[in-house]
Amino acid sequence: MTYSDLSRSISELIESHGTPEREVYLDHENSGSIFPESLKAMESAYKWGSRGHPSITHLMGWMSYQSLYKATESIASAINCGPNEIIYTHSGTEANNLAIIGSASSSQNRKKILVSSIEHLSVIFPAERLEKYGFKIIKIPVDGEGFVNLNFLSQHVDKETLLVSIAAVNHEIGTVQDMKAIRDIIRDKDKNILIHTDACDALGKIPLDLKTLDVDLASFSSHKAYGPKGVGALYVKEGIKLEPIIYGQLSTQKLWPGVENVPGILGFSKAVEILHKNFGEYISRMTDLRDRLINGILEGVDHAILNGPSGGKRSPDNVNVSFLYCEGEALTVELSMRGIYVS
Ligand SMILES: Cc1ncc(COP(=O)(O)O)c(C=O)c1O
């Protein structure tokens, strides 16, 4: 199917679908709404002060740099790290690639990388790609609720290990990993092993304090936290050496060249600020809604099974249910016709 064929058939789908009377959007895990305040921050950035290139020496460049720096300070203070430890990319996918390939490129002789078997593909694929260059990739198994097998981890990390990558919150079934236990096992074995966490689904969902978490690298994605699409970030702890994985025109940051998406970053920073200001209230509301939805489905629908853990070990905004004997995509289309958007 060509690009234009696909576009035509999607237009036909939209036309035949029509607009349902009532709509409920339940697919923020994939992507979703942006806070109106974030949109406003972006709009004002495009209209005036931040339109310049933040590395260029004229008034508009300096103003752009200043607003970029303020936004970074605000994000850094919300997640407890230094502004110099945040590297912007244009997505969580890019941040994960930078973490995995950038660590491998700077490795002198360590060639072993461990990732959990349920990582996002933007972790799994770059790790698998490194096998071509002599790295050994080990996938850590998980239990029925998605928790990594800590015994396996302990048995397989050693002085040859370069990096361990485990998402703090799983993107499919919402498992909140015990990152402290994971970190202690790794640090006890060898303090030089890098720890990366894909925190794209943790930001704004669980308390996130990078000093306490004590990982070396953490990835973020703006559109997973009610910010705009097109902004990601990698936390790189001070002192950790990564090689860039792309090269080009100067920017304010060495690890990701090219002009920063300043308006997008301002929108992202505003979203992080709002989420953190109302964190307790937001989490308790989301948890109530999550449990109402889970209980309603499990009580009301035959052959429905909840995937992943319950209670505090599950991300407050995650519901993942299997409906036995029912084809998944057909169900998403059927629900879409009724104005309920899920994946
Ligand atoms: C856990 C996790 N990591 C990485 C990504 C990729 O982020 P992005 O869509 O910004 O590339 C996602 C997106 O769905 C995600 O859920």
# chains A, B, ... in the order shown; residues from 1 in each chain; ligands from 1
call {"tool": "residues_near_ligand", "arguments": {"ligand": "ligand 1", "cutoff": "10 Å", "atoms": "only C-alpha atoms and all ligand atoms", "output": "PyMOL selection string"}}
result
chain A and resi 28-31+89-97+118-123+166-172+174+197-202+219-224+228-233
call {"tool": "residues_around", "arguments": {"residues": "Leu335 of chain A", "least_positions_apart": "5", "cutoff": "12 Å", "atoms": "only C-alpha atoms", "output": "VMD selection string"}}
result
chain A and resid 17 20 22 to 26 328 to 330 340 to 343
call {"tool": "write_last_selection", "arguments": {"atoms": "N, CA, C and O atoms", "output": "PDB file, in the first residue's frame"}}
result
ATOM      1  N   HIS A  17     -16.876   6.900   9.836  1.00  0.00           N
ATOM      2  CA  HIS A  17     -16.968   6.801  11.298  1.00  0.00           C
ATOM      3  C   HIS A  17     -17.963   7.827  11.851  1.00  0.00           C
ATOM      4  O   HIS A  17     -18.814   7.516  12.692  1.00  0.00           O
ATOM      5  N   PRO A  20     -19.166  10.653  17.102  1.00  0.00           N
ATOM      6  CA  PRO A  20     -20.075  10.134  18.127  1.00  0.00           C
ATOM      7  C   PRO A  20     -20.617  11.260  19.006  1.00  0.00           C
ATOM      8  O   PRO A  20     -19.953  12.300  19.164  1.00  0.00           O
ATOM      9  N   ARG A  22     -20.983  11.383  22.234  1.00  0.00           N
ATOM     10  CA  ARG A  22     -20.165  11.601  23.428  1.00  0.00           C
ATOM     11  C   ARG A  22     -18.831  10.911  23.217  1.00  0.00           C
ATOM     12  O   ARG A  22     -18.805   9.791  22.702  1.00  0.00           O
ATOM     13  N   GLU A  23     -17.768  11.601  23.575  1.00  0.00           N
ATOM     14  CA  GLU A  23     -16.451  10.993  23.343  1.00  0.00           C
ATOM     15  C   GLU A  23     -15.655  10.893  24.635  1.00  0.00           C
ATOM     16  O   GLU A  23     -15.660  11.809  25.459  1.00  0.00           O
ATOM     17  N   VAL A  24     -14.993   9.750  24.814  1.00  0.00           N
ATOM     18  CA  VAL A  24     -14.130   9.554  25.990  1.00  0.00           C
ATOM     19  C   VAL A  24     -12.768   9.105  25.485  1.00  0.00           C
ATOM     20  O   VAL A  24     -12.642   8.048  24.865  1.00  0.00           O
ATOM     21  N   TYR A  25     -11.761   9.926  25.734  1.00  0.00           N
ATOM     22  CA  TYR A  25     -10.416   9.598  25.237  1.00  0.00           C
ATOM     23  C   TYR A  25      -9.630   8.891  26.338  1.00  0.00           C
ATOM     24  O   TYR A  25      -9.331   9.487  27.381  1.00  0.00           O
ATOM     25  N   LEU A  26      -9.310   7.626  26.117  1.00  0.00           N
ATOM     26  CA  LEU A  26      -8.617   6.847  27.149  1.00  0.00           C
ATOM     27  C   LEU A  26      -7.265   6.341  26.652  1.00  0.00           C
ATOM     28  O   LEU A  26      -6.786   5.311  27.106  1.00  0.00           O
ATOM     29  N   GLY A 328      -8.495  -8.006  19.445  1.00  0.00           N
ATOM     30  CA  GLY A 328      -8.196  -6.693  20.023  1.00  0.00           C
ATOM     31  C   GLY A 328      -8.490  -5.512  19.113  1.00  0.00           C
ATOM     32  O   GLY A 328      -9.159  -4.558  19.507  1.00  0.00           O
ATOM     33  N   GLU A 329      -8.011  -5.591  17.846  1.00  0.00           N
ATOM     34  CA  GLU A 329      -8.195  -4.433  16.958  1.00  0.00           C
ATOM     35  C   GLU A 329      -9.662  -4.211  16.619  1.00  0.00           C
ATOM     36  O   GLU A 329     -10.126  -3.080  16.520  1.00  0.00           O
ATOM     37  N   ALA A 330     -10.385  -5.337  16.467  1.00  0.00           N
ATOM     38  CA  ALA A 330     -11.817  -5.212  16.168  1.00  0.00           C
ATOM     39  C   ALA A 330     -12.513  -4.490  17.327  1.00  0.00           C
ATOM     40  O   ALA A 330     -13.396  -3.642  17.122  1.00  0.00           O
ATOM     41  N   ILE A 340     -15.424   5.788  22.245  1.00  0.00           N
ATOM     42  CA  ILE A 340     -14.470   5.460  23.313  1.00  0.00           C
ATOM     43  C   ILE A 340     -13.153   5.083  22.655  1.00  0.00           C
ATOM     44  O   ILE A 340     -13.091   4.128  21.873  1.00  0.00           O
ATOM     45  N   TYR A 341     -12.116   5.859  22.947  1.00  0.00           N
ATOM     46  CA  TYR A 341     -10.847   5.681  22.236  1.00  0.00           C
ATOM     47  C   TYR A 341      -9.820   5.013  23.136  1.00  0.00           C
ATOM     48  O   TYR A 341      -9.379   5.588  24.134  1.00  0.00           O
ATOM     49  N   VAL A 342      -9.484   3.767  22.777  1.00  0.00           N
ATOM     50  CA  VAL A 342      -8.528   2.972  23.562  1.00  0.00           C
ATOM     51  C   VAL A 342      -7.561   2.283  22.603  1.00  0.00           C
ATOM     52  O   VAL A 342      -7.759   2.267  21.395  1.00  0.00           O
ATOM     53  N   SER A 343      -6.504   1.701  23.147  1.00  0.00           N
ATOM     54  CA  SER A 343      -5.619   0.906  22.289  1.00  0.00           C
ATOM     55  C   SER A 343      -5.197  -0.341  23.037  1.00  0.00           C
ATOM     56  O   SER A 343      -5.361  -0.421  24.254  1.00  0.00           O
TER      57      SER A 343
END
call {"tool": "select_by_dssp", "arguments": {"residues": "segment 5-117 of chain A", "states": "helix (DSSP H, G or I)", "output": "ChimeraX atom specification"}}
result
/A:5-17,36-47,49-51,59-79,83-85,92-106
call {"tool": "residues_around", "arguments": {"residues": "Gly227 of chain A", "least_positions_apart": "6", "cutoff": "7 Å", "atoms": "only C-alpha atoms", "output": "PyMOL selection string"}}
result
chain A and resi 34-35+38+267-268+271
call {"tool": "closest_residue", "arguments": {"among": "A:Glu238, A:Asp190, A:Asp178, A:Glu131", "to": "His156 of chain A", "atoms": "only C-alpha atoms"}}
result
A:Asp190
call {"tool": "select_by_dssp", "arguments": {"residues": "segment 145-237 of chain A", "states": "strand (DSSP E)", "output": "list in words"}}
result
Thr161, Leu162, Leu163, Val164, Ser165, Leu194, Ile195, His196, Thr197, Asp198, Leu217, Ala218, Ser219, Phe220, Ser221, Gly232, Ala233, Leu234, Tyr235 and Val236 of chain A
call {"tool": "write_last_selection", "arguments": {"atoms": "all heavy atoms", "output": "short mmCIF file (atom, residue, chain, number, x, y, z; two decimals), in the first residue's frame"}}
result
data_model
loop_
_atom_site.label_atom_id
_atom_site.label_comp_id
_atom_site.auth_asym_id
_atom_site.auth_seq_id
_atom_site.Cartn_x
_atom_site.Cartn_y
_atom_site.Cartn_z
N THR A 161 29.73 -5.92 32.89
CA THR A 161 28.47 -5.26 32.52
C THR A 161 28.69 -3.76 32.33
O THR A 161 29.22 -3.09 33.22
CB THR A 161 27.39 -5.50 33.59
OG1 THR A 161 27.30 -6.91 33.82
CG2 THR A 161 26.05 -4.96 33.18
N LEU A 162 28.23 -3.27 31.19
CA LEU A 162 28.33 -1.84 30.91
C LEU A 162 27.10 -1.11 31.45
O LEU A 162 27.21 -0.08 32.10
CB LEU A 162 28.42 -1.63 29.39
CG LEU A 162 28.24 -0.20 28.90
CD1 LEU A 162 29.42 0.66 29.32
CD2 LEU A 162 28.05 -0.15 27.39
N LEU A 163 25.93 -1.68 31.17
CA LEU A 163 24.69 -0.93 31.38
C LEU A 163 23.54 -1.87 31.71
O LEU A 163 23.44 -2.96 31.14
CB LEU A 163 24.37 -0.18 30.08
CG LEU A 163 23.05 0.52 29.92
CD1 LEU A 163 23.05 1.83 30.69
CD2 LEU A 163 22.75 0.83 28.44
N VAL A 164 22.66 -1.40 32.63
CA VAL A 164 21.39 -2.11 32.86
C VAL A 164 20.29 -1.09 32.60
O VAL A 164 20.35 0.04 33.11
CB VAL A 164 21.29 -2.62 34.31
CG1 VAL A 164 19.95 -3.32 34.53
CG2 VAL A 164 22.43 -3.58 34.64
N SER A 165 19.30 -1.47 31.79
CA SER A 165 18.21 -0.55 31.47
C SER A 165 16.86 -1.17 31.83
O SER A 165 16.48 -2.21 31.28
CB SER A 165 18.25 -0.21 29.96
OG SER A 165 17.18 0.64 29.64
N LEU A 194 26.57 1.29 34.57
CA LEU A 194 25.61 2.38 34.35
C LEU A 194 24.18 1.86 34.53
O LEU A 194 23.86 0.76 34.07
CB LEU A 194 25.76 2.94 32.93
CG LEU A 194 27.10 3.61 32.59
CD1 LEU A 194 27.13 3.98 31.10
CD2 LEU A 194 27.29 4.85 33.45
N ILE A 195 23.36 2.68 35.17
CA ILE A 195 21.94 2.31 35.31
C ILE A 195 21.11 3.34 34.54
O ILE A 195 21.23 4.55 34.78
CB ILE A 195 21.49 2.28 36.78
CG1 ILE A 195 22.40 1.35 37.60
CG2 ILE A 195 20.03 1.85 36.88
CD1 ILE A 195 22.08 1.33 39.08
N HIS A 196 20.32 2.83 33.61
CA HIS A 196 19.42 3.70 32.84
C HIS A 196 17.98 3.30 33.15
O HIS A 196 17.67 2.10 33.23
CB HIS A 196 19.65 3.53 31.33
CG HIS A 196 18.57 4.14 30.48
ND1 HIS A 196 17.75 3.39 29.65
CD2 HIS A 196 18.15 5.42 30.35
CE1 HIS A 196 16.90 4.20 29.04
NE2 HIS A 196 17.12 5.44 29.44
N THR A 197 17.13 4.29 33.38
CA THR A 197 15.71 3.97 33.47
C THR A 197 14.94 4.79 32.44
O THR A 197 15.17 6.00 32.30
CB THR A 197 15.14 4.19 34.89
OG1 THR A 197 13.81 3.68 34.92
CG2 THR A 197 15.10 5.65 35.32
N ASP A 198 14.10 4.09 31.69
CA ASP A 198 13.20 4.78 30.78
C ASP A 198 12.05 5.29 31.66
O ASP A 198 11.21 4.51 32.11
CB ASP A 198 12.71 3.77 29.72
CG ASP A 198 11.70 4.37 28.78
OD1 ASP A 198 11.24 5.49 29.03
OD2 ASP A 198 11.34 3.70 27.80
N LEU A 217 21.23 7.52 34.15
CA LEU A 217 20.57 8.03 32.95
C LEU A 217 19.06 7.80 33.08
O LEU A 217 18.65 6.74 33.57
CB LEU A 217 21.07 7.25 31.72
CG LEU A 217 22.58 7.25 31.44
CD1 LEU A 217 22.98 6.08 30.55
CD2 LEU A 217 22.99 8.56 30.81
N ALA A 218 18.27 8.78 32.65
CA ALA A 218 16.80 8.61 32.69
C ALA A 218 16.18 9.34 31.50
O ALA A 218 16.55 10.48 31.22
CB ALA A 218 16.24 9.15 34.00
N SER A 219 15.27 8.66 30.81
CA SER A 219 14.65 9.24 29.61
C SER A 219 13.25 9.76 29.90
O SER A 219 12.51 9.16 30.69
CB SER A 219 14.51 8.18 28.52
OG SER A 219 15.72 7.55 28.28
N PHE A 220 12.89 10.84 29.20
CA PHE A 220 11.57 11.45 29.37
C PHE A 220 10.97 11.80 28.01
O PHE A 220 11.70 12.03 27.05
CB PHE A 220 11.69 12.74 30.20
CG PHE A 220 12.26 12.49 31.57
CD1 PHE A 220 13.61 12.72 31.83
CD2 PHE A 220 11.47 11.99 32.58
CE1 PHE A 220 14.14 12.47 33.08
CE2 PHE A 220 11.99 11.73 33.84
CZ PHE A 220 13.33 11.97 34.09
N SER A 221 9.65 11.86 27.98
CA SER A 221 8.95 12.24 26.74
C SER A 221 7.84 13.22 27.11
O SER A 221 6.97 12.90 27.92
CB SER A 221 8.36 10.98 26.08
OG SER A 221 7.49 11.35 25.04
N GLY A 232 11.78 15.46 23.90
CA GLY A 232 12.18 14.41 24.84
C GLY A 232 13.37 14.93 25.61
O GLY A 232 13.90 16.01 25.31
N ALA A 233 13.80 14.19 26.61
CA ALA A 233 14.98 14.63 27.37
C ALA A 233 15.67 13.41 27.95
O ALA A 233 15.02 12.41 28.27
CB ALA A 233 14.57 15.58 28.48
N LEU A 234 16.98 13.52 28.04
CA LEU A 234 17.75 12.48 28.73
C LEU A 234 18.47 13.13 29.90
O LEU A 234 19.21 14.12 29.71
CB LEU A 234 18.76 11.82 27.78
CG LEU A 234 19.56 10.68 28.42
CD1 LEU A 234 18.65 9.48 28.74
CD2 LEU A 234 20.70 10.22 27.52
N TYR A 235 18.23 12.60 31.10
CA TYR A 235 19.02 13.02 32.26
C TYR A 235 20.32 12.25 32.21
O TYR A 235 20.33 11.02 32.08
CB TYR A 235 18.24 12.68 33.54
CG TYR A 235 19.10 12.57 34.78
CD1 TYR A 235 19.57 13.71 35.43
CD2 TYR A 235 19.43 11.32 35.31
CE1 TYR A 235 20.36 13.61 36.58
CE2 TYR A 235 20.21 11.21 36.45
CZ TYR A 235 20.67 12.35 37.08
OH TYR A 235 21.45 12.24 38.20
N VAL A 236 21.43 12.98 32.25
CA VAL A 236 22.76 12.34 32.28
C VAL A 236 23.45 12.86 33.54
O VAL A 236 23.79 14.04 33.63
CB VAL A 236 23.59 12.71 31.03
CG1 VAL A 236 24.94 12.00 31.05
CG2 VAL A 236 22.83 12.37 29.74
#
call {"tool": "closest_residue", "arguments": {"among": "A:Lys211, A:Arg314, A:His58, A:His276", "to": "Lys237 of chain A", "atoms": "only C-alpha atoms"}}
result
A:Lys211
call {"tool": "residues_around", "arguments": {"residues": "Asn307 of chain A", "least_positions_apart": "3", "cutoff": "8 Å", "atoms": "only C-alpha atoms", "output": "PyMOL selection string"}}
result
chain A and resi 145+173+320-322
call {"tool": "closest_residue", "arguments": {"among": "A:Ala71, A:Ala104, A:Ile246, A:Ala45", "to": "Lys270 of chain A", "atoms": "only C-alpha atoms"}}
result
A:Ala71
call {"tool": "residues_around", "arguments": {"residues": "Gln249 of chain A", "least_positions_apart": "3", "cutoff": "9 Å", "atoms": "only C-alpha atoms", "output": "list in words"}}
result
Pro257, Gly258 and Val259 of chain A
call {"tool": "write_last_selection", "arguments": {"atoms": "N, CA, C and O atoms", "output": "JSON list (two decimals), in the first residue's frame"}}
result
[["chain", "number", "residue", "atom", "x", "y", "z"],
["A", 257, "PRO", "N", 23.12, 17.83, 18.92],
["A", 257, "PRO", "CA", 23.25, 19.06, 18.14],
["A", 257, "PRO", "C", 21.97, 19.39, 17.35],
["A", 257, "PRO", "O", 21.06, 18.57, 17.27],
["A", 258, "GLY", "N", 21.96, 20.59, 16.80],
["A", 258, "GLY", "CA", 20.76, 21.04, 16.06],
["A", 258, "GLY", "C", 19.99, 21.98, 16.97],
["A", 258, "GLY", "O", 20.10, 21.90, 18.19],
["A", 259, "VAL", "N", 19.19, 22.84, 16.36],
["A", 259, "VAL", "CA", 18.48, 23.84, 17.17],
["A", 259, "VAL", "C", 17.45, 23.16, 18.08],
["A", 259, "VAL", "O", 16.75, 22.25, 17.66]]
call {"tool": "residues_around", "arguments": {"residues": "segment 281-296 of chain A", "least_positions_apart": "2", "cutoff": "9 Å", "atoms": "only C-alpha atoms", "output": "PyMOL selection string"}}
result
chain A and resi 204-206+275+278-279+298-301+306+310-312+315-321
call {"tool": "write_last_selection", "arguments": {"atoms": "C-alpha atoms", "output": "mmCIF file, in the first residue's frame"}}
result
data_model
loop_
_atom_site.group_PDB
_atom_site.id
_atom_site.type_symbol
_atom_site.label_atom_id
_atom_site.label_comp_id
_atom_site.auth_asym_id
_atom_site.auth_seq_id
_atom_site.Cartn_x
_atom_site.Cartn_y
_atom_site.Cartn_z
ATOM 1 C CA GLY A 204 3.946 12.788 36.599
ATOM 2 C CA LYS A 205 2.677 9.304 37.560
ATOM 3 C CA ILE A 206 4.959 8.335 40.459
ATOM 4 C CA LEU A 275 1.790 18.086 37.260
ATOM 5 C CA ASN A 278 -0.966 19.322 41.951
ATOM 6 C CA PHE A 279 0.761 15.954 42.192
ATOM 7 C CA LEU A 298 -14.119 -6.979 35.659
ATOM 8 C CA GLU A 299 -17.544 -7.057 37.300
ATOM 9 C CA GLY A 300 -19.546 -6.240 34.182
ATOM 10 C CA VAL A 301 -17.811 -8.138 31.362
ATOM 11 C CA LEU A 306 -6.632 -7.577 34.318
ATOM 12 C CA SER A 310 -3.053 -3.798 41.360
ATOM 13 C CA GLY A 311 -2.975 -0.978 43.897
ATOM 14 C CA GLY A 312 0.170 1.039 44.574
ATOM 15 C CA SER A 315 0.758 3.237 37.601
ATOM 16 C CA PRO A 316 -2.247 5.381 38.651
ATOM 17 C CA ASP A 317 -3.289 6.011 35.058
ATOM 18 C CA ASN A 318 -2.950 2.502 33.632
ATOM 19 C CA VAL A 319 -5.715 0.017 32.831
ATOM 20 C CA ASN A 320 -4.820 -3.025 30.710
ATOM 21 C CA VAL A 321 -7.428 -5.732 30.264
#
call {"tool": "residues_around", "arguments": {"residues": "segment 41-44 of chain A", "least_positions_apart": "2", "cutoff": "8 Å", "atoms": "only C-alpha atoms", "output": "VMD selection string"}}
result
chain A and resid 37 to 39 46 to 49 263 to 264 266 to 267 270
call {"tool": "atom_distance", "arguments": {"atom1": "atom CA of Ile75 of chain A", "atom2": "atom CA of Val272 of chain A"}}
result
6.4 Å
call {"tool": "closest_residue", "arguments": {"among": "A:Gly18, A:Gly32, A:Thr2, A:Val176", "to": "Lys313 of chain A", "atoms": "only C-alpha atoms"}}
result
A:Val176
call {"tool": "closest_residue", "arguments": {"among": "A:Asp214, A:Glu273, A:Asp27, A:Asp158", "to": "Asp184 of chain A", "atoms": "only C-alpha atoms"}}
result
A:Asp214
